[in-house]
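The file input_7.txt comes next; it holds compact mmCIF, C-alpha atoms and all ligand atoms.
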# COMPACT_ATOMS: atom_id res chain seq x y z
CA MET A 7 -61.37 13.91 49.33
CA ILE A 8 -62.57 17.12 47.72
CA GLN A 9 -59.52 18.96 49.06
CA VAL A 10 -57.16 16.36 47.64
CA ARG A 11 -58.92 16.22 44.29
CA TRP A 12 -59.47 19.97 43.87
CA PRO A 13 -56.98 21.91 45.98
CA ASP A 14 -58.49 25.18 44.68
CA GLY A 15 -62.09 24.17 45.35
CA MET A 16 -64.49 21.82 43.58
CA PRO A 17 -66.17 23.38 40.54
CA CYS A 18 -69.84 22.79 39.70
CA VAL A 19 -70.15 20.32 36.82
CA LYS A 20 -72.60 22.62 35.01
CA CYS A 21 -71.48 26.20 35.59
CA GLY A 22 -68.01 25.86 37.15
CA LYS A 23 -68.82 28.07 40.13
CA LYS A 24 -67.53 26.91 43.49
CA GLU A 25 -70.34 27.79 45.89
CA PHE A 26 -72.49 24.94 47.16
CA TYR A 27 -75.22 24.43 49.73
CA PRO A 28 -74.30 22.27 52.71
CA ARG A 29 -74.50 18.63 51.75
CA VAL A 30 -77.71 16.75 52.54
CA LYS A 31 -76.91 13.84 54.81
CA ASN A 32 -76.50 10.46 53.09
CA ARG A 33 -76.12 12.08 49.70
CA ARG A 34 -72.82 12.06 47.90
CA ALA A 35 -73.71 15.19 45.95
CA TYR A 36 -73.52 18.94 46.47
CA GLN A 37 -76.05 21.43 45.10
CA CYS A 38 -74.67 24.49 43.34
CA LYS A 39 -75.85 27.81 44.78
CA SER A 40 -76.12 29.52 41.42
CA CYS A 41 -77.42 26.94 38.91
CA LYS A 42 -78.90 24.44 41.44
CA SER A 43 -77.44 21.40 39.70
CA PHE A 44 -75.75 18.62 41.63
CA THR A 45 -72.05 17.78 41.57
CA ARG A 46 -70.84 14.37 42.70
CA PRO A 47 -67.25 14.52 43.92
CA THR A 48 -66.88 10.76 43.49
CA ALA A 49 -67.99 10.70 39.83
CA GLY A 50 -65.53 8.88 37.60
CA THR A 51 -63.48 7.47 40.46
CA ILE A 52 -63.33 4.10 42.17
CA PHE A 53 -65.51 5.55 44.93
CA HIS A 54 -68.44 6.15 42.64
CA ARG A 55 -71.42 3.94 43.52
CA THR A 56 -69.46 2.07 46.18
CA ARG A 57 -71.71 0.73 48.94
CA THR A 58 -68.88 0.95 51.44
CA PRO A 59 -69.01 4.21 53.43
CA LEU A 60 -66.36 6.67 52.32
CA LEU A 61 -65.04 6.96 55.86
CA CYS A 62 -64.39 3.23 55.77
CA TRP A 63 -62.53 3.69 52.48
CA PHE A 64 -60.38 6.43 53.96
CA VAL A 65 -59.44 4.27 56.95
CA ALA A 66 -58.59 1.43 54.55
CA ILE A 67 -56.44 3.75 52.43
CA PHE A 68 -54.76 5.02 55.57
CA LEU A 69 -53.99 1.48 56.76
CA VAL A 70 -52.70 0.41 53.36
CA ALA A 71 -50.66 3.59 52.91
CA PHE A 72 -48.92 3.38 56.25
CA ASP A 73 -48.42 -0.34 56.48
CA LYS A 74 -44.82 -1.06 55.59
CA ARG A 75 -45.33 -4.47 54.16
CA GLY A 76 -48.73 -4.50 52.52
CA LEU A 77 -51.96 -5.65 54.13
CA SER A 78 -53.71 -8.86 53.29
CA ALA A 79 -57.43 -8.81 52.57
CA SER A 80 -58.21 -10.92 55.63
CA LEU A 81 -56.36 -8.52 57.93
CA LEU A 82 -58.06 -5.50 56.37
CA ALA A 83 -61.46 -7.20 56.74
CA GLU A 84 -60.72 -7.84 60.40
CA GLU A 85 -59.52 -4.30 61.09
CA LEU A 86 -62.56 -2.69 59.50
CA GLY A 87 -65.21 -5.25 60.33
CA LEU A 88 -65.91 -5.91 56.65
CA ARG A 89 -66.62 -9.07 54.74
CA TYR A 90 -63.49 -10.65 53.26
CA GLU A 91 -64.83 -10.17 49.72
CA THR A 92 -65.42 -6.46 50.31
CA ALA A 93 -61.94 -5.95 51.73
CA TRP A 94 -60.46 -7.94 48.88
CA ALA A 95 -62.27 -5.83 46.27
CA MET A 96 -61.13 -2.61 47.98
CA LEU A 97 -57.51 -3.75 48.07
CA SER A 98 -57.75 -4.83 44.48
CA ARG A 99 -58.94 -1.39 43.41
CA MET A 100 -56.23 0.31 45.43
CA ARG A 101 -53.59 -1.88 43.79
CA HIS A 102 -55.03 -1.05 40.42
CA ALA A 103 -54.75 2.67 41.22
CA MET A 104 -51.15 2.18 42.37
CA ALA A 105 -50.27 0.35 39.16
CA LYS A 106 -51.79 3.08 37.02
CA ARG A 107 -49.90 5.74 38.89
CA ASP A 108 -46.57 3.95 38.52
CA ALA A 109 -47.17 3.16 34.86
CA SER A 110 -46.90 6.88 34.09
CA TYR A 111 -43.24 6.91 35.16
CA THR A 112 -40.31 5.36 33.31
CA LEU A 113 -36.83 4.52 34.52
CA ARG A 114 -33.88 6.46 33.13
CA GLY A 115 -30.14 6.87 33.56
CA TYR A 116 -28.62 3.68 34.91
CA VAL A 117 -30.72 0.56 35.28
CA GLU A 118 -30.01 -2.99 36.42
CA ILE A 119 -32.14 -5.75 34.98
CA ASP A 120 -32.44 -9.34 36.10
CA GLU A 121 -35.03 -12.06 36.32
CA MET A 122 -36.38 -14.05 39.24
CA PHE A 123 -38.85 -16.87 39.72
CA LEU A 124 -41.68 -16.66 42.20
CA GLY A 125 -43.42 -19.77 43.43
CA ALA A 126 -47.15 -19.43 43.18
CA THR A 127 -49.82 -21.74 44.48
CA SER A 128 -52.10 -22.85 41.73
CA GLU A 129 -55.69 -23.32 42.75
CA GLU A 130 -56.66 -25.25 39.69
CA THR A 131 -55.10 -28.52 40.74
CA LYS A 132 -57.73 -30.84 42.12
CA ARG A 133 -55.47 -33.06 44.16
CA GLY A 134 -53.90 -30.71 46.66
CA ARG A 135 -52.14 -27.57 45.62
CA GLY A 136 -49.70 -27.67 42.78
CA THR A 137 -46.81 -25.26 42.67
CA THR A 138 -45.65 -23.41 39.62
CA LYS A 139 -42.91 -20.87 39.23
CA THR A 140 -43.63 -17.64 37.42
CA PRO A 141 -40.74 -15.72 35.88
CA VAL A 142 -40.62 -12.06 36.89
CA LEU A 143 -38.51 -9.40 35.20
CA VAL A 144 -36.96 -6.90 37.59
CA ALA A 145 -35.53 -3.47 36.75
CA VAL A 146 -34.01 -1.13 39.34
CA SER A 147 -32.52 2.26 38.49
CA TYR A 148 -29.52 3.69 40.30
CA THR A 149 -27.38 6.81 40.39
CA PRO A 150 -23.60 6.74 40.66
CA VAL A 151 -22.72 9.12 43.52
CA SER A 152 -18.99 8.59 43.98
CA GLU A 153 -16.33 6.34 42.53
CA LYS A 154 -17.59 3.31 44.41
CA GLY A 155 -20.99 4.31 45.64
CA GLU A 156 -24.30 4.05 43.85
CA MET A 157 -27.72 5.06 45.13
CA THR A 158 -30.73 2.86 44.46
CA GLY A 159 -33.54 4.65 42.62
CA PHE A 160 -36.84 3.26 41.35
CA ALA A 161 -38.09 -0.17 40.35
CA LYS A 162 -40.36 -1.97 37.90
CA LEU A 163 -41.64 -5.53 38.04
CA GLN A 164 -43.35 -7.57 35.37
CA ALA A 165 -44.54 -11.16 35.54
CA VAL A 166 -43.99 -12.88 32.18
CA LYS A 167 -44.78 -16.24 30.62
CA ALA A 168 -41.10 -16.91 29.91
CA VAL A 169 -37.82 -15.03 29.92
CA THR A 170 -37.14 -14.62 26.23
CA GLU A 171 -35.59 -11.94 24.08
CA LYS A 172 -39.08 -10.87 23.08
CA THR A 173 -40.46 -10.45 26.62
CA VAL A 174 -37.26 -8.76 27.82
CA VAL A 175 -37.25 -6.25 24.97
CA ALA A 176 -40.95 -5.48 25.49
CA PHE A 177 -40.35 -4.97 29.23
CA VAL A 178 -37.38 -2.67 28.65
CA LYS A 179 -39.13 -0.64 25.95
CA ALA A 180 -42.17 -0.15 28.18
CA HIS A 181 -40.28 0.90 31.31
CA VAL A 182 -36.85 2.28 30.47
CA GLU A 183 -36.10 5.42 28.49
CA PRO A 184 -33.90 4.98 25.41
CA GLY A 185 -30.37 6.23 25.95
CA SER A 186 -30.22 4.68 29.41
CA THR A 187 -27.40 2.36 30.40
CA ILE A 188 -28.63 -1.14 31.21
CA ARG A 189 -26.54 -3.49 33.33
CA THR A 190 -27.37 -7.17 32.89
CA ASP A 191 -25.68 -10.54 33.23
CA GLY A 192 -24.38 -12.45 30.22
CA LEU A 193 -27.68 -14.22 29.50
CA SER A 194 -28.41 -14.57 25.80
CA VAL A 195 -31.80 -12.83 26.03
CA TYR A 196 -30.22 -9.41 26.57
CA PRO A 197 -27.77 -8.67 23.73
CA SER A 198 -30.27 -7.06 21.36
CA LEU A 199 -30.87 -4.10 23.70
CA GLU A 200 -28.42 -1.88 21.80
CA LYS A 201 -30.58 -2.20 18.70
CA TYR A 202 -33.31 -0.30 20.55
CA GLY A 203 -31.17 2.62 21.60
CA TYR A 204 -29.87 1.47 24.97
CA ILE A 205 -26.29 1.30 26.17
CA HIS A 206 -25.66 -2.25 27.27
CA ASP A 207 -23.35 -2.80 30.22
CA ARG A 208 -22.92 -6.55 30.13
CA GLN A 209 -21.48 -8.13 33.27
CA PRO A 210 -20.82 -11.86 33.04
CA ILE A 211 -21.03 -13.07 36.62
CA LYS A 212 -18.64 -16.06 36.42
CA LYS A 213 -16.83 -16.29 39.74
CA ARG A 214 -17.96 -12.98 41.18
CA LYS A 215 -21.01 -13.12 43.42
CA ALA A 216 -24.18 -11.79 41.79
CA HIS A 217 -25.02 -9.39 44.64
CA PHE A 218 -21.70 -7.62 44.12
CA VAL A 219 -22.22 -7.27 40.42
CA PHE A 220 -25.92 -6.31 40.67
CA PRO A 221 -26.32 -4.86 44.16
CA HIS A 222 -29.52 -2.89 43.53
CA VAL A 223 -31.56 -5.51 41.80
CA HIS A 224 -30.43 -8.23 44.22
CA THR A 225 -31.32 -6.33 47.39
CA TYR A 226 -34.65 -5.53 45.81
CA ILE A 227 -35.31 -9.16 44.91
CA SER A 228 -34.57 -10.38 48.43
CA ASN A 229 -36.96 -7.76 49.86
CA LEU A 230 -39.61 -8.85 47.40
CA ARG A 231 -39.17 -12.48 48.46
CA SER A 232 -39.77 -11.67 52.09
CA PHE A 233 -42.78 -9.49 51.18
CA VAL A 234 -44.30 -12.39 49.29
CA GLN A 235 -43.64 -14.91 52.04
CA GLY A 236 -44.43 -12.68 54.99
CA THR A 237 -47.57 -10.92 53.86
CA HIS A 238 -49.28 -13.07 51.35
CA HIS A 239 -48.02 -16.56 52.17
CA GLY A 240 -47.28 -17.23 48.54
CA LEU A 241 -49.24 -15.61 45.78
CA SER A 242 -51.95 -16.81 43.48
CA GLU A 243 -50.76 -16.68 39.91
CA LEU A 244 -53.88 -14.87 38.75
CA HIS A 245 -53.19 -11.78 40.86
CA LEU A 246 -49.42 -11.92 40.95
CA GLN A 247 -48.98 -8.77 38.87
CA ASP A 248 -51.27 -6.81 41.26
CA TYR A 249 -49.07 -7.71 44.23
CA LEU A 250 -45.95 -6.87 42.24
CA ASP A 251 -47.43 -3.49 41.36
CA GLU A 252 -48.20 -2.78 44.99
CA PHE A 253 -44.69 -3.73 46.05
CA CYS A 254 -43.21 -1.46 43.39
CA TYR A 255 -45.50 1.44 44.28
CA ARG A 256 -44.42 1.27 47.94
CA PHE A 257 -40.76 0.90 47.08
CA ASN A 258 -40.83 3.83 44.66
CA ARG A 259 -42.26 6.08 47.38
CA ARG A 260 -40.19 4.83 50.29
CA HIS A 261 -38.73 8.30 50.85
CA HIS A 262 -42.20 9.89 51.01
CA ARG A 263 -43.74 7.86 53.82
CA THR A 264 -45.44 10.81 55.50
CA GLU A 265 -47.25 11.79 52.28
CA MET A 266 -48.47 8.29 51.56
CA PHE A 267 -52.11 8.81 52.53
CA ASP A 268 -52.62 11.86 50.31
CA ARG A 269 -50.70 10.25 47.49
CA LEU A 270 -52.65 6.99 47.59
CA LEU A 271 -55.95 8.83 47.91
CA ARG A 272 -55.02 10.98 44.90
CA ALA A 273 -54.08 7.84 42.95
CA CYS A 274 -57.46 6.33 43.81
CA LEU A 275 -59.22 9.49 42.62
CA GLU A 276 -57.89 9.24 39.10
CA LYS A 277 -60.39 8.50 36.38
CA GLU A 278 -61.34 4.88 36.37
CA GLU A 279 -61.85 3.29 32.99
CA THR A 280 -61.74 -0.33 34.02
CA PRO A 281 -65.20 -1.75 34.66
CA LEU A 282 -65.70 -3.26 38.09
CA SER A 283 -66.29 -6.69 36.62
CA ALA A 284 -62.69 -6.81 35.42
CA LEU A 285 -61.43 -6.49 38.95
CA THR A 286 -63.56 -9.04 40.72
CA GLY A 287 -62.74 -11.93 38.41
ZN ZN A 301 -73.58 25.43 39.02
As a first step, turn the structure in this file into structure tokens.
Ligand SMILES: [Zn+2]
Amino acid sequence: MIQVRWPDGMPCVKCGKKEFYPRVKNRRAYQCKSCKSFTRPTAGTIFHRTRTPLLCWFVAIFLVAFDKRGLSASLLAEELGLRYETAWAMLSRMRHAMAKRDASYTLRGYVEIDEMFLGATSEETKRGRGTTKTPVLVAVSYTPVSEKGEMTGFAKLQAVKAVTEKTVVAFVKAHVEPGSTIRTDGLSVYPSLEKYGYIHDRQPIKKRKAHFVFPHVHTYISNLRSFVQGTHHGLSELHLQDYLDEFCYRFNRRHHRTEMFDRLLRACLEKEETPLSALTG
């Protein structure tokens, strides 16, 4: 963890020197050889004050990083011999780290945007489980490579209350750089995009099949559907955005599979401002 966080060596919090005494067992701190103060490598990260052994965390990160489809909390609990609640909280923090990492990137160039509806099981219904559909906005960037061919790039997903001009514009402004070309269908919620500095490539679907007109976004949506059904057996509405963020994070790094452990560990090591209580609710 120290190597990933400080490739050039961990500096002492007080004096900045990089020489420490060997770590005392069961202590997550190192004593500086020159000023004798203690440096905690986990300070300010999601690992700070965790009661779960770090080794257990690393195995969890490894499993999550290398699993193609996303692990459920019950499977992670089983693999690591943890309580379900502990595994769930760990996954939740990892997803939060993934979301934060992805939020620092925006889409640019050519982008397809569409909406989909995901069925979520609502736990609030007293008589059995009610089903509600949550609208999700989907954006996938692509690069034209030849006259016919286009290469799929990166993706963004956002669960919204409703698909309206307001939510669409907010989604686009948050995730797509101005000047980009946005391909959408003829739905009335899209036309104002040009006002915000985007080039709008409007493609009324009519008789043409949607997956020919929007190949990138449609392939992505069908993958997302099988992720939701296969791994999580439907999603709870409360945590829908977390699962969407995880799916996006994986997709956006699909060409970097071998680096996934280091990348996810690095994402988890970023400064954590969200209090724990916000994640366990
Ligand atoms: Zn020092």
**Request:** Compute the set of protein, DNA and RNA residues whose minimum atom distance to ligand ZN 301 (chain A) is at most 12 Å, using only C-alpha atoms and all ligand atoms, and state it as a list in words.
**Result:** Met16, Pro17, Cys18, Val19, Lys20, Cys21, Gly22, Lys23, Lys24, Glu25, Phe26, Tyr27, Tyr36, Gln37, Cys38, Lys39, Ser40, Cys41, Lys42, Ser43, Phe44, Thr45 and Arg46 of chain A
**Prompt:** Neighbours of A:Tyr204 within 9 Å (only C-alpha atoms; same-chain residues fewer than 4 positions away dropped), as a VMD selection string?
**Reply:** chain A and resid 182 to 188 199 to 200
**Request:** Enumerate, as a PyMOL selection string, the protein, DNA and RNA residues whose atoms approach (-62.0, 14.7, 52.4) to within 10 Å, taking into account only C-alpha atoms and the coordinate frame of the file.
**Result:** chain A and resi 7-11+47+60-61+64+271
**Request:** For each of A:Val169, A:Leu163, A:Val178, A:Leu88, take the minimum atom-to-atom distance to A:Val223, counting all atoms listed in the file, then give the residue where this is smallest.
**Result:** A:Leu163
**Asked** What does the distance between atom CA of A:Phe68 and atom CA of A:Asp14 come to in Å, to one decimal place?
**Response**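 Computed distance, atom CA of A:Phe68 to atom CA of A:Asp14, equals 23.2 Å.
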Near stretch 98-121 of chain A, 12 Å: stretch 30-80 of chain A residue rows, closest pairs, only C-alpha atoms, as a Markdown table:
| residue | atom | partner | partner_atom | distance |
| --- | --- | --- | --- | --- |
| A:Thr51 | CA | A:Ala103 | CA | 10.0 |
| A:Ile52 | CA | A:Arg99 | CA | 7.1 |
| A:Phe53 | CA | A:Arg99 | CA | 9.7 |
| A:Thr56 | CA | A:Arg99 | CA | 11.4 |
| A:Trp63 | CA | A:Met100 | CA | 10.0 |
| A:Phe64 | CA | A:Met100 | CA | 11.3 |
| A:Ala66 | CA | A:Met100 | CA | 9.5 |
| A:Ile67 | CA | A:Met100 | CA | 7.8 |
| A:Phe68 | CA | A:Met100 | CA | 11.3 |
| A:Leu69 | CA | A:Met100 | CA | 11.6 |
| A:Val70 | CA | A:Met100 | CA | 8.7 |
| A:Ala71 | CA | A:Met100 | CA | 9.9 |
| A:Gly76 | CA | A:Arg101 | CA | 10.3 |
| A:Leu77 | CA | A:Arg101 | CA | 11.1 |
| A:Ser78 | CA | A:Ser98 | CA | 10.5 |
| A:Ala79 | CA | A:Ser98 | CA | 9.0 |
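The interatomic distance for the pair atom CA of A:Thr264 and atom CA of A:Ser147 works out to 23.0 Å.
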**Request:** Give me the residues within 12 Å of A:Arg259 as a list in words, counting only C-alpha atoms and dropping any in the same chain fewer than 6 places off.
**Result:** Ala71, Phe72, Lys74, Met104, Arg107, Asp108, Gly159, Phe160, Ala161, Glu252, Phe253, Glu265, Met266, Phe267, Arg269 and Leu270 of chain A
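Picture a line from atom CA of A:Arg89 to atom CA of A:Cys62; it runs 12.5 Å.
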**Message:** Using all atoms listed in the file for the distances, tell me which of A:Thr48, A:His181, A:His222, A:Phe257 is nearest to A:Thr149.
**Reply:**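 Nearest to A:Thr149: A:His222.
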**Message:** Which residue is closest to A:Gln164? Choose from A:Leu246, A:Arg189, A:Pro210, A:His224 and count all atoms listed in the file.
**Reply:**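 The answer is A:Leu246, which sits nearest to A:Gln164.
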**Message:** Between A:Thr225, A:Val144, A:Pro150, A:Tyr90, which residue has the minimum interatomic distance to A:Phe177, considering all atoms listed in the file?
**Reply:** A:Val144
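Of the residues listed (A:Ser232, A:Gln247, A:Gln209, A:Asn32), A:Gln247 shows the shortest atom-to-atom separation from A:Ala165; distances use only C-alpha atoms.
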**Request:** Using all atoms listed in the file, pick whichever of A:Val65, A:Asp73, A:Val30, A:Ala176 has the shortest atom-to-atom distance to A:Glu85.
**Result:**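 Of A:Val65, A:Asp73, A:Val30, A:Ala176, the one nearest A:Glu85 is A:Val65, counting all atoms listed in the file.
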